[in-house]
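Enquirer: Here it is, the structure in full.
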Amino acid sequence: MKKGSKKLLLIVLAVFAMSSVFVFAVSRHTRIEAPVRFAVTVAEGTTLVKTISCYDPDGDDVNIVVEDLPTGATVSTQIEPTPGYTDPDLPAAPTGAKWFTRELTWTPSFSQAGDYTIYIHATDTPGDDDWVKYEITVTNTNRPPVL
Ligand SMILES: [Ca+2]
Ligand SMILES: [Ca+2]
């Protein structure tokens, strides 16, 4: 191999290595850098129902854990949705991907107006993981006097 082409090969390899690091960095997050996947405003006393969905591109099993649930909010048991399920908020899943969902349900009480952040952590069987967060704003609901 000529000296010049060897140098070019090294540059190409270096650029490839750097771009792999970049792709890794943008596609996985820690809890602190979790991107906002869902943001919503609900009024006190009204019920919010949101499906938390996740897929593993390799078809691995995944465990979804929800952290910092507000008082009164619940998360259902994790299920595997029926084949063909997709979530328009997520990037298109490759063939062979395996989906998992949980259902978040919350009716904020009349003393819970404020801003809430819920963290969602998904870990696959080999141990790789990712985080997203949901931001929920609860607005005050005034109730008339009762007499
Ligand atoms: Ca995987
Ligand atoms: Ca209130």
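So you can find residues: chains in the structure tokens are A, B, ... in the order shown, residues in each start at 1, and ligands are numbered from 1 in order.
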Would you name the residues within 8 Å of ligand 2, counting only C-alpha atoms and all ligand atoms, and put them as a PyMOL selection string?
Expert: chain A and resi 44+109-113+139-142
Enquirer: Filtering to C-alpha atoms, could you give me those residues as a compact mmCIF listing (two decimals), in the first residue's frame?
Expert:
```
# COMPACT_ATOMS: atom_id res chain seq x y z
CA GLU A 44 -56.77 18.82 38.76
CA SER A 109 -56.11 15.61 43.36
CA PHE A 110 -57.38 19.15 43.95
CA SER A 111 -54.20 19.98 45.88
CA GLN A 112 -51.68 18.80 43.27
CA ALA A 113 -51.42 21.75 40.85
CA THR A 139 -53.40 23.27 36.47
CA ASN A 140 -55.53 24.37 39.40
CA THR A 141 -59.23 23.58 39.25
CA ASN A 142 -61.44 25.90 41.26
```
Enquirer: Around ligand 1, which protein and nucleic acid residues have at least one atom no more than 12 Å from it, if we count only C-alpha atoms and all ligand atoms? List them as a ChimeraX atom specification.
Expert: /A:54-63,94,96-99,122-130
Enquirer: Write a file of the just-selected residues containing N, CA and C atoms, as a compact mmCIF listing (two decimals), in the first residue's frame.
Expert:
```
# COMPACT_ATOMS: atom_id res chain seq x y z
N CYS A 54 -42.17 1.10 24.24
CA CYS A 54 -40.73 0.93 24.06
C CYS A 54 -40.53 -0.27 23.17
N TYR A 55 -39.52 -0.24 22.32
CA TYR A 55 -39.18 -1.48 21.60
C TYR A 55 -37.69 -1.73 21.69
N ASP A 56 -37.33 -3.00 21.58
CA ASP A 56 -35.91 -3.33 21.46
C ASP A 56 -35.67 -3.74 20.01
N PRO A 57 -34.74 -3.05 19.33
CA PRO A 57 -34.53 -3.32 17.90
C PRO A 57 -34.02 -4.72 17.64
N ASP A 58 -33.36 -5.35 18.65
CA ASP A 58 -32.81 -6.70 18.48
C ASP A 58 -33.81 -7.78 18.83
N GLY A 59 -34.97 -7.38 19.40
CA GLY A 59 -35.94 -8.38 19.83
C GLY A 59 -35.67 -8.90 21.24
N ASP A 60 -34.79 -8.21 21.99
CA ASP A 60 -34.53 -8.61 23.38
C ASP A 60 -35.74 -8.29 24.25
N ASP A 61 -35.84 -8.98 25.38
CA ASP A 61 -36.81 -8.59 26.39
C ASP A 61 -36.34 -7.30 27.05
N VAL A 62 -37.29 -6.47 27.46
CA VAL A 62 -36.97 -5.18 28.06
C VAL A 62 -37.79 -5.02 29.34
N ASN A 63 -37.17 -4.44 30.34
CA ASN A 63 -37.91 -4.11 31.56
C ASN A 63 -38.03 -2.59 31.65
N PRO A 94 -37.31 -1.43 13.45
CA PRO A 94 -36.87 -2.35 12.41
C PRO A 94 -37.58 -3.70 12.51
N GLY A 96 -38.26 -7.35 13.31
CA GLY A 96 -37.70 -8.18 14.39
C GLY A 96 -37.69 -7.47 15.73
N ALA A 97 -38.08 -6.19 15.74
CA ALA A 97 -38.13 -5.46 17.01
C ALA A 97 -39.24 -6.03 17.89
N LYS A 98 -39.05 -5.93 19.20
CA LYS A 98 -40.05 -6.43 20.14
C LYS A 98 -40.55 -5.26 20.98
N TRP A 99 -41.89 -5.11 21.04
CA TRP A 99 -42.52 -3.97 21.74
C TRP A 99 -42.98 -4.35 23.13
N ALA A 122 -35.62 2.07 30.54
CA ALA A 122 -35.80 0.78 29.89
C ALA A 122 -34.45 0.08 29.81
N THR A 123 -34.42 -1.19 30.24
CA THR A 123 -33.18 -1.97 30.23
C THR A 123 -33.43 -3.28 29.49
N ASP A 124 -32.58 -3.62 28.52
CA ASP A 124 -32.77 -4.89 27.80
C ASP A 124 -32.00 -6.02 28.50
N THR A 125 -32.22 -7.24 28.06
CA THR A 125 -31.62 -8.40 28.73
C THR A 125 -30.10 -8.32 28.80
N PRO A 126 -29.41 -7.91 27.72
CA PRO A 126 -27.94 -7.80 27.85
C PRO A 126 -27.50 -6.68 28.78
N GLY A 127 -28.42 -5.80 29.17
CA GLY A 127 -28.06 -4.77 30.15
C GLY A 127 -27.89 -3.37 29.60
N ASP A 128 -28.16 -3.17 28.31
CA ASP A 128 -28.12 -1.81 27.77
C ASP A 128 -29.42 -1.10 28.11
N ASP A 129 -29.34 0.22 28.27
CA ASP A 129 -30.52 0.93 28.75
C ASP A 129 -30.65 2.31 28.13
N ASP A 130 -31.79 2.93 28.35
CA ASP A 130 -32.01 4.31 27.90
C ASP A 130 -33.08 4.94 28.79
```
Enquirer: To one decimal place in Å, what is the distance between atom CA of A:His121 and atom CA of A:Ala34?
Expert: 9.3 Å
Enquirer: Running DSSP on the backbone, which parts of chain A land in alpha helix (DSSP H), as a list in words?
Expert: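 Across chain A, those assigned alpha helix (DSSP H) are Lys3, Gly4, Ser5, Lys6, Lys7, Leu8, Leu9, Leu10, Ile11, Val12, Leu13, Ala14, Val15, Phe16, Ala17, Met18, Ser19, Ser20, Val21, Phe22, Val23, Phe24, Ala25, Val26 and Ser27 of chain A.
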Enquirer: Give the strand (DSSP E) residues of stretch 24-123 of chain A, as assigned by DSSP on the backbone, as a count of residues only.
Expert: 44
Enquirer: List as a PyMOL selection string the protein and nucleic acid residues near stretch 46-48 of chain A, meaning an atom at most 7 Å away when only C-alpha atoms are counted, but skip any in the same chain fewer than 4 places from it.
Expert: chain A and resi 42+105-108
Enquirer: Suppose you want the space between atom CA of A:Arg37 and atom CA of A:Lys50; what is it in Å?
Expert: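 Going from atom CA of A:Arg37 over to atom CA of A:Lys50, I get 11.7 Å.
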Enquirer: For atom CA of A:Tyr116 and atom CA of A:Val36, quote the distance in Å rounded to one decimal.
Expert: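 The value is 12.1 Å.
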